[in-house]
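Student: Data file coords_28.cif (mmCIF, N, CA and C atoms) is appended below.
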```
data_start
#
loop_
_atom_site.label_atom_id
_atom_site.label_comp_id
_atom_site.auth_asym_id
_atom_site.auth_seq_id
_atom_site.Cartn_x
_atom_site.Cartn_y
_atom_site.Cartn_z
N MET A 1 18.85 14.23 18.81
CA MET A 1 18.16 13.00 19.15
C MET A 1 17.31 12.57 17.97
N CYS A 2 17.31 11.31 17.65
CA CYS A 2 16.49 10.76 16.58
C CYS A 2 15.24 10.13 17.18
N LEU A 3 14.11 10.54 16.66
CA LEU A 3 12.84 10.05 17.15
C LEU A 3 11.99 9.51 16.01
N ALA A 4 11.13 8.57 16.34
CA ALA A 4 10.10 8.14 15.40
C ALA A 4 8.84 8.91 15.77
N ILE A 5 8.25 9.57 14.79
CA ILE A 5 7.09 10.42 15.01
C ILE A 5 5.83 9.71 14.49
N PRO A 6 4.74 9.68 15.29
CA PRO A 6 3.51 9.04 14.81
C PRO A 6 2.74 9.95 13.88
N GLY A 7 2.17 9.36 12.84
CA GLY A 7 1.34 10.11 11.91
C GLY A 7 0.32 9.21 11.25
N LYS A 8 -0.64 9.85 10.57
CA LYS A 8 -1.71 9.11 9.91
C LYS A 8 -1.51 9.19 8.40
N ILE A 9 -1.57 8.03 7.74
CA ILE A 9 -1.41 7.99 6.28
C ILE A 9 -2.66 8.59 5.62
N LYS A 10 -2.42 9.62 4.80
CA LYS A 10 -3.50 10.29 4.09
C LYS A 10 -3.65 9.79 2.65
N SER A 11 -2.54 9.44 2.00
CA SER A 11 -2.60 8.91 0.64
C SER A 11 -1.33 8.12 0.36
N ILE A 12 -1.42 7.24 -0.65
CA ILE A 12 -0.29 6.40 -1.04
C ILE A 12 -0.15 6.45 -2.54
N GLU A 13 1.08 6.53 -3.02
CA GLU A 13 1.35 6.45 -4.45
C GLU A 13 2.61 5.62 -4.66
N THR A 14 2.72 5.08 -5.87
CA THR A 14 3.94 4.36 -6.20
C THR A 14 4.79 5.23 -7.11
N ARG A 15 6.09 5.06 -6.98
CA ARG A 15 7.06 5.83 -7.78
C ARG A 15 8.11 4.89 -8.34
N TYR A 16 8.94 5.45 -9.18
CA TYR A 16 10.06 4.71 -9.77
C TYR A 16 9.57 3.43 -10.44
N ASN A 17 8.64 3.62 -11.40
CA ASN A 17 8.07 2.51 -12.16
C ASN A 17 7.38 1.48 -11.27
N GLY A 18 6.72 1.95 -10.23
CA GLY A 18 5.96 1.07 -9.35
C GLY A 18 6.78 0.30 -8.33
N THR A 19 8.05 0.65 -8.15
CA THR A 19 8.90 -0.12 -7.24
C THR A 19 8.93 0.43 -5.82
N VAL A 20 8.51 1.69 -5.62
CA VAL A 20 8.58 2.30 -4.29
C VAL A 20 7.22 2.86 -3.92
N ARG A 21 6.72 2.47 -2.74
CA ARG A 21 5.46 3.02 -2.22
C ARG A 21 5.78 4.18 -1.30
N MET A 22 5.19 5.35 -1.59
CA MET A 22 5.38 6.53 -0.76
C MET A 22 4.01 6.99 -0.25
N ALA A 23 4.00 7.49 0.98
CA ALA A 23 2.75 7.95 1.58
C ALA A 23 2.87 9.41 1.97
N LYS A 24 1.75 10.11 1.90
CA LYS A 24 1.65 11.42 2.53
C LYS A 24 1.10 11.13 3.92
N VAL A 25 1.86 11.56 4.94
CA VAL A 25 1.53 11.27 6.33
C VAL A 25 1.30 12.57 7.07
N SER A 26 0.19 12.66 7.80
CA SER A 26 -0.14 13.85 8.57
C SER A 26 0.34 13.67 10.00
N PHE A 27 1.11 14.65 10.45
CA PHE A 27 1.62 14.69 11.83
C PHE A 27 0.99 15.88 12.51
N GLY A 28 -0.23 15.73 13.00
CA GLY A 28 -0.88 16.83 13.71
C GLY A 28 -1.00 18.09 12.88
N GLY A 29 -1.34 17.96 11.60
CA GLY A 29 -1.51 19.11 10.74
C GLY A 29 -0.33 19.38 9.82
N ILE A 30 0.81 18.81 10.07
CA ILE A 30 1.98 18.94 9.21
C ILE A 30 2.03 17.69 8.34
N THR A 31 2.08 17.85 7.02
CA THR A 31 2.10 16.69 6.12
C THR A 31 3.48 16.53 5.51
N LYS A 32 4.02 15.32 5.60
CA LYS A 32 5.32 14.97 5.02
C LYS A 32 5.18 13.67 4.26
N GLU A 33 6.16 13.38 3.42
CA GLU A 33 6.19 12.10 2.71
C GLU A 33 7.04 11.10 3.49
N ALA A 34 6.64 9.84 3.38
CA ALA A 34 7.40 8.76 4.02
C ALA A 34 7.36 7.52 3.15
N SER A 35 8.45 6.80 3.13
CA SER A 35 8.52 5.53 2.41
C SER A 35 7.76 4.46 3.19
N LEU A 36 7.08 3.60 2.46
CA LEU A 36 6.36 2.48 3.07
C LEU A 36 7.05 1.15 2.80
N GLU A 37 8.29 1.19 2.40
CA GLU A 37 9.01 -0.03 2.02
C GLU A 37 9.11 -1.04 3.17
N MET A 38 9.17 -0.58 4.39
CA MET A 38 9.25 -1.51 5.53
C MET A 38 7.88 -2.00 5.99
N LEU A 39 6.82 -1.40 5.46
CA LEU A 39 5.45 -1.76 5.85
C LEU A 39 4.59 -2.00 4.61
N PRO A 40 4.81 -3.11 3.92
CA PRO A 40 4.07 -3.35 2.68
C PRO A 40 2.55 -3.46 2.87
N ASP A 41 2.10 -3.73 4.09
CA ASP A 41 0.66 -3.86 4.34
C ASP A 41 0.03 -2.56 4.84
N ALA A 42 0.80 -1.48 4.95
CA ALA A 42 0.25 -0.20 5.40
C ALA A 42 -0.74 0.33 4.38
N ASP A 43 -1.79 0.99 4.88
CA ASP A 43 -2.85 1.48 4.01
C ASP A 43 -3.30 2.87 4.47
N VAL A 44 -4.06 3.55 3.64
CA VAL A 44 -4.61 4.85 3.98
C VAL A 44 -5.40 4.74 5.28
N ASP A 45 -5.26 5.73 6.14
CA ASP A 45 -5.88 5.83 7.47
C ASP A 45 -5.17 5.03 8.55
N ASP A 46 -4.13 4.27 8.22
CA ASP A 46 -3.31 3.62 9.25
C ASP A 46 -2.45 4.67 9.94
N TYR A 47 -2.13 4.41 11.19
CA TYR A 47 -1.18 5.23 11.93
C TYR A 47 0.16 4.51 11.91
N VAL A 48 1.21 5.26 11.63
CA VAL A 48 2.55 4.69 11.54
C VAL A 48 3.54 5.54 12.31
N LEU A 49 4.63 4.92 12.73
CA LEU A 49 5.77 5.66 13.30
C LEU A 49 6.75 5.88 12.16
N VAL A 50 7.18 7.14 11.98
CA VAL A 50 8.09 7.50 10.90
C VAL A 50 9.40 7.97 11.49
N HIS A 51 10.48 7.38 11.00
CA HIS A 51 11.83 7.76 11.42
C HIS A 51 12.64 8.09 10.17
N VAL A 52 13.20 9.28 10.12
CA VAL A 52 13.97 9.81 8.98
C VAL A 52 13.34 9.45 7.63
N GLY A 53 12.04 9.69 7.52
CA GLY A 53 11.37 9.52 6.25
C GLY A 53 10.94 8.12 5.89
N VAL A 54 11.03 7.19 6.84
CA VAL A 54 10.63 5.81 6.60
C VAL A 54 9.63 5.38 7.67
N ALA A 55 8.47 4.87 7.25
CA ALA A 55 7.51 4.31 8.20
C ALA A 55 8.07 2.98 8.70
N ILE A 56 8.27 2.88 10.01
CA ILE A 56 8.94 1.69 10.56
C ILE A 56 8.01 0.74 11.30
N SER A 57 6.83 1.21 11.70
CA SER A 57 5.88 0.31 12.34
C SER A 57 4.49 0.94 12.35
N LYS A 58 3.48 0.09 12.45
CA LYS A 58 2.11 0.56 12.58
C LYS A 58 1.78 0.64 14.06
N VAL A 59 0.96 1.63 14.42
CA VAL A 59 0.48 1.79 15.80
C VAL A 59 -1.01 2.09 15.76
N ASN A 60 -1.68 1.90 16.89
CA ASN A 60 -3.10 2.24 16.91
C ASN A 60 -3.26 3.74 17.16
N GLU A 61 -4.43 4.26 16.87
CA GLU A 61 -4.68 5.70 16.96
C GLU A 61 -4.43 6.25 18.36
N GLU A 62 -4.85 5.54 19.38
CA GLU A 62 -4.67 6.00 20.76
C GLU A 62 -3.18 6.16 21.09
N GLU A 63 -2.38 5.18 20.73
CA GLU A 63 -0.95 5.25 21.00
C GLU A 63 -0.30 6.38 20.20
N ALA A 64 -0.72 6.57 18.96
CA ALA A 64 -0.17 7.65 18.13
C ALA A 64 -0.47 9.01 18.75
N GLN A 65 -1.69 9.23 19.18
CA GLN A 65 -2.05 10.52 19.78
C GLN A 65 -1.32 10.75 21.10
N LYS A 66 -1.20 9.71 21.89
CA LYS A 66 -0.49 9.82 23.17
C LYS A 66 0.98 10.19 22.93
N THR A 67 1.62 9.54 21.99
CA THR A 67 3.02 9.82 21.69
C THR A 67 3.18 11.23 21.13
N PHE A 68 2.29 11.63 20.22
CA PHE A 68 2.36 12.95 19.62
C PHE A 68 2.22 14.04 20.69
N ARG A 69 1.28 13.87 21.63
CA ARG A 69 1.11 14.85 22.71
C ARG A 69 2.37 14.94 23.57
N TYR A 70 2.97 13.79 23.86
CA TYR A 70 4.20 13.79 24.65
C TYR A 70 5.32 14.53 23.92
N LEU A 71 5.48 14.27 22.62
CA LEU A 71 6.52 14.94 21.85
C LEU A 71 6.28 16.45 21.80
N GLU A 72 5.01 16.87 21.71
CA GLU A 72 4.70 18.30 21.76
C GLU A 72 5.13 18.90 23.08
N GLU A 73 4.81 18.19 24.18
CA GLU A 73 5.13 18.68 25.51
C GLU A 73 6.63 18.87 25.73
N ILE A 74 7.43 17.97 25.18
CA ILE A 74 8.87 18.07 25.41
C ILE A 74 9.59 18.86 24.31
N GLY A 75 8.81 19.40 23.37
CA GLY A 75 9.38 20.27 22.36
C GLY A 75 10.21 19.57 21.29
N GLU A 76 9.89 18.33 20.97
CA GLU A 76 10.68 17.57 19.99
C GLU A 76 10.09 17.56 18.60
N LEU A 77 9.01 18.28 18.35
CA LEU A 77 8.40 18.23 17.02
C LEU A 77 9.12 19.10 16.01
N GLY A 78 10.03 19.93 16.42
CA GLY A 78 10.81 20.74 15.49
C GLY A 78 11.63 19.90 14.54
N GLU A 79 11.93 18.68 14.90
CA GLU A 79 12.70 17.79 14.04
C GLU A 79 11.97 17.43 12.76
N LEU A 80 10.66 17.67 12.70
CA LEU A 80 9.92 17.37 11.48
C LEU A 80 10.42 18.20 10.31
N GLU A 81 10.99 19.34 10.57
CA GLU A 81 11.48 20.21 9.51
C GLU A 81 12.61 19.56 8.70
N ASP A 82 13.34 18.62 9.27
CA ASP A 82 14.50 18.03 8.62
C ASP A 82 14.20 16.75 7.85
N VAL A 83 13.00 16.24 7.91
CA VAL A 83 12.67 14.95 7.33
C VAL A 83 12.85 14.93 5.81
N ASP A 84 12.48 16.01 5.11
CA ASP A 84 12.50 16.01 3.65
C ASP A 84 13.88 15.71 3.06
N GLU A 85 14.95 16.10 3.72
CA GLU A 85 16.27 15.87 3.13
C GLU A 85 16.65 14.39 3.08
N TYR A 86 15.94 13.54 3.77
CA TYR A 86 16.23 12.10 3.77
C TYR A 86 15.42 11.32 2.73
N LEU A 87 14.46 11.99 2.09
CA LEU A 87 13.56 11.30 1.18
C LEU A 87 14.08 11.34 -0.25
N PRO A 88 13.77 10.31 -1.05
CA PRO A 88 14.13 10.37 -2.48
C PRO A 88 13.35 11.50 -3.15
N LYS A 89 13.96 12.14 -4.12
CA LYS A 89 13.31 13.23 -4.85
C LYS A 89 12.33 12.63 -5.86
N PRO A 90 11.13 13.26 -6.02
CA PRO A 90 10.15 12.74 -7.00
C PRO A 90 10.73 12.76 -8.41
N GLU A 91 10.25 11.84 -9.25
CA GLU A 91 10.70 11.76 -10.64
C GLU A 91 10.26 12.97 -11.42
#
```
As structure tokens, how would this structure be written, given the file I've shared?

Tutor:
Amino acid sequence: MCLAIPGKIKSIETRYNGTVRMAKVSFGGITKEASLEMLPDADVDDYVLVHVGVAISKVNEEEAQKTFRYLEEIGELGELEDVDEYLPKPE
């Protein structure tokens, strides 16, 4: 099953000569990288839904926490382990 996981943006950097914005996103203590190409207005401390390494929408903190708790309850957070293989490799 493919899910979008809520997380909080901790930092943002640009890569590939400034053409790609990447964020470090915290998912309940697990930090992964995600592309911000679909959310050009995303900023540090925003909550976003991440699907296969791409932030696809912004959400408020309450909704992010509610969704994260639900995913924990149903045991779907193990999918976070596979996210890195979908991301571009750093220069």

Student: Atom N of A:Ser35 to atom CA of A:Val59: how many Å, to one decimal?

Tutor: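 Between atom N of A:Ser35 and atom CA of A:Val59 the gap is 15.8 Å.
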
Student: Out of chain A, which residues get alpha helix (DSSP H) from DSSP, as a tab-separated table (two decimals) with N, CA and C atoms, keeping the file's coordinate frame?

Tutor:
```tsv
chain	number	residue	atom	x	y	z
A	61	GLU	N	-4.43	4.26	16.87
A	61	GLU	CA	-4.68	5.70	16.96
A	61	GLU	C	-4.43	6.25	18.36
A	62	GLU	N	-4.85	5.54	19.38
A	62	GLU	CA	-4.67	6.00	20.76
A	62	GLU	C	-3.18	6.16	21.09
A	63	GLU	N	-2.38	5.18	20.73
A	63	GLU	CA	-0.95	5.25	21.00
A	63	GLU	C	-0.30	6.38	20.20
A	64	ALA	N	-0.72	6.57	18.96
A	64	ALA	CA	-0.17	7.65	18.13
A	64	ALA	C	-0.47	9.01	18.75
A	65	GLN	N	-1.69	9.23	19.18
A	65	GLN	CA	-2.05	10.52	19.78
A	65	GLN	C	-1.32	10.75	21.10
A	66	LYS	N	-1.20	9.71	21.89
A	66	LYS	CA	-0.49	9.82	23.17
A	66	LYS	C	0.98	10.19	22.93
A	67	THR	N	1.62	9.54	21.99
A	67	THR	CA	3.02	9.82	21.69
A	67	THR	C	3.18	11.23	21.13
A	68	PHE	N	2.29	11.63	20.22
A	68	PHE	CA	2.36	12.95	19.62
A	68	PHE	C	2.22	14.04	20.69
A	69	ARG	N	1.28	13.87	21.63
A	69	ARG	CA	1.11	14.85	22.71
A	69	ARG	C	2.37	14.94	23.57
A	70	TYR	N	2.97	13.79	23.86
A	70	TYR	CA	4.20	13.79	24.65
A	70	TYR	C	5.32	14.53	23.92
A	71	LEU	N	5.48	14.27	22.62
A	71	LEU	CA	6.52	14.94	21.85
A	71	LEU	C	6.28	16.45	21.80
A	72	GLU	N	5.01	16.87	21.71
A	72	GLU	CA	4.70	18.30	21.76
A	72	GLU	C	5.13	18.90	23.08
A	73	GLU	N	4.81	18.19	24.18
A	73	GLU	CA	5.13	18.68	25.51
A	73	GLU	C	6.63	18.87	25.73
```

Student: Can you work out the spacing between atom C of A:Leu36 and atom C of A:Ala64 in Å, to one decimal?

Tutor: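 Separating atom C of A:Leu36 from atom C of A:Ala64 is a distance of 19.3 Å.
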
Student: Please report the interatomic distance between atom CA of A:Glu61 and atom CA of A:Tyr47 in Å with one decimal.

Tutor: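 Rounded to one decimal, the two atoms are 6.1 Å apart.
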
Student: A:Arg69, A:Lys24, A:Thr19, A:Val52: which is nearest A:Glu37, counting only C-alpha atoms?

Tutor: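 Nearest to A:Glu37: A:Thr19.
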
Student: Once the PyMOL selection byres (((chain A and resi 28 and name CA) around 10) and name CA) has been evaluated on this model, what residues remain selected, and can you format them as a compact mmCIF listing (two decimals) with N, CA and C atoms, keeping the file's coordinate frame?

Tutor:
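Saved to result_37.txt:
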```txt
# COMPACT_ATOMS: atom_id res chain seq x y z
N PRO A 6 4.74 9.68 15.29
CA PRO A 6 3.51 9.04 14.81
C PRO A 6 2.74 9.95 13.88
N GLY A 7 2.17 9.36 12.84
CA GLY A 7 1.34 10.11 11.91
C GLY A 7 0.32 9.21 11.25
N LYS A 8 -0.64 9.85 10.57
CA LYS A 8 -1.71 9.11 9.91
C LYS A 8 -1.51 9.19 8.40
N VAL A 25 1.86 11.56 4.94
CA VAL A 25 1.53 11.27 6.33
C VAL A 25 1.30 12.57 7.07
N SER A 26 0.19 12.66 7.80
CA SER A 26 -0.14 13.85 8.57
C SER A 26 0.34 13.67 10.00
N PHE A 27 1.11 14.65 10.45
CA PHE A 27 1.62 14.69 11.83
C PHE A 27 0.99 15.88 12.51
N GLY A 29 -1.34 17.96 11.60
CA GLY A 29 -1.51 19.11 10.74
C GLY A 29 -0.33 19.38 9.82
N ILE A 30 0.81 18.81 10.07
CA ILE A 30 1.98 18.94 9.21
C ILE A 30 2.03 17.69 8.34
N THR A 31 2.08 17.85 7.02
CA THR A 31 2.10 16.69 6.12
C THR A 31 3.48 16.53 5.51
N GLN A 65 -1.69 9.23 19.18
CA GLN A 65 -2.05 10.52 19.78
C GLN A 65 -1.32 10.75 21.10
N PHE A 68 2.29 11.63 20.22
CA PHE A 68 2.36 12.95 19.62
C PHE A 68 2.22 14.04 20.69
N ARG A 69 1.28 13.87 21.63
CA ARG A 69 1.11 14.85 22.71
C ARG A 69 2.37 14.94 23.57
N GLU A 72 5.01 16.87 21.71
CA GLU A 72 4.70 18.30 21.76
C GLU A 72 5.13 18.90 23.08
N LEU A 77 9.01 18.28 18.35
CA LEU A 77 8.40 18.23 17.02
C LEU A 77 9.12 19.10 16.01
```

Student: For this file, the PyMOL selection byres ((chain A and resi 39) around 8) selects which residues, as a VMD selection string?

Tutor: chain A and resid 35 to 38 40 to 43 54 to 58

Student: Looking only at strand (DSSP E) from DSSP on the backbone, list the matching residues of chain A as an NGL selection string.

Tutor: :A and (5-15 or 20-27 or 30-35 or 47-51 or 54-59)

Student: Between A:Gly75, A:Ile5, A:Val44, A:Lys66, which residue has the minimum interatomic distance to A:Ala23, considering only C-alpha atoms?

Tutor: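 The answer is A:Val44, which sits nearest to A:Ala23.
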
Student: Missing atoms in stretch 27-42 of chain A: can you complete it with N, CA, C and O atoms, as a tab-separated table (two decimals), keeping the file's coordinate frame?

Tutor:
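Dumped to rebuild-v6.tsv:
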```tsv
chain	number	residue	atom	x	y	z
A	27	PHE	N	1.11	14.65	10.45
A	27	PHE	CA	1.62	14.69	11.83
A	27	PHE	C	0.99	15.88	12.51
A	27	PHE	O	1.58	16.96	12.55
A	28	GLY	N	-0.23	15.73	13.00
A	28	GLY	CA	-0.88	16.83	13.71
A	28	GLY	C	-1.00	18.09	12.88
A	28	GLY	O	-0.75	19.18	13.36
A	29	GLY	N	-1.34	17.96	11.60
A	29	GLY	CA	-1.51	19.11	10.74
A	29	GLY	C	-0.33	19.38	9.82
A	29	GLY	O	-0.44	20.13	8.86
A	30	ILE	N	0.81	18.81	10.07
A	30	ILE	CA	1.98	18.94	9.21
A	30	ILE	C	2.03	17.69	8.34
A	30	ILE	O	2.01	16.57	8.86
A	31	THR	N	2.08	17.85	7.02
A	31	THR	CA	2.10	16.69	6.12
A	31	THR	C	3.48	16.53	5.51
A	31	THR	O	4.05	17.49	5.01
A	32	LYS	N	4.02	15.32	5.60
A	32	LYS	CA	5.32	14.97	5.02
A	32	LYS	C	5.18	13.67	4.26
A	32	LYS	O	4.23	12.92	4.44
A	33	GLU	N	6.16	13.38	3.42
A	33	GLU	CA	6.19	12.10	2.71
A	33	GLU	C	7.04	11.10	3.49
A	33	GLU	O	8.00	11.48	4.15
A	34	ALA	N	6.64	9.84	3.38
A	34	ALA	CA	7.40	8.76	4.02
A	34	ALA	C	7.36	7.52	3.15
A	34	ALA	O	6.34	7.22	2.52
A	35	SER	N	8.45	6.80	3.13
A	35	SER	CA	8.52	5.53	2.41
A	35	SER	C	7.76	4.46	3.19
A	35	SER	O	7.84	4.40	4.42
A	36	LEU	N	7.08	3.60	2.46
A	36	LEU	CA	6.36	2.48	3.07
A	36	LEU	C	7.05	1.15	2.80
A	36	LEU	O	6.45	0.09	2.95
A	37	GLU	N	8.29	1.19	2.40
A	37	GLU	CA	9.01	-0.03	2.02
A	37	GLU	C	9.11	-1.04	3.17
A	37	GLU	O	9.16	-2.24	2.93
A	38	MET	N	9.17	-0.58	4.39
A	38	MET	CA	9.25	-1.51	5.53
A	38	MET	C	7.88	-2.00	5.99
A	38	MET	O	7.80	-2.90	6.81
A	39	LEU	N	6.82	-1.40	5.46
A	39	LEU	CA	5.45	-1.76	5.85
A	39	LEU	C	4.59	-2.00	4.61
A	39	LEU	O	3.71	-1.21	4.28
A	40	PRO	N	4.81	-3.11	3.92
A	40	PRO	CA	4.07	-3.35	2.68
A	40	PRO	C	2.55	-3.46	2.87
A	40	PRO	O	1.80	-3.26	1.93
A	41	ASP	N	2.10	-3.73	4.09
A	41	ASP	CA	0.66	-3.86	4.34
A	41	ASP	C	0.03	-2.56	4.84
A	41	ASP	O	-1.17	-2.52	5.09
A	42	ALA	N	0.80	-1.48	4.95
A	42	ALA	CA	0.25	-0.20	5.40
A	42	ALA	C	-0.74	0.33	4.38
A	42	ALA	O	-0.58	0.14	3.18
```
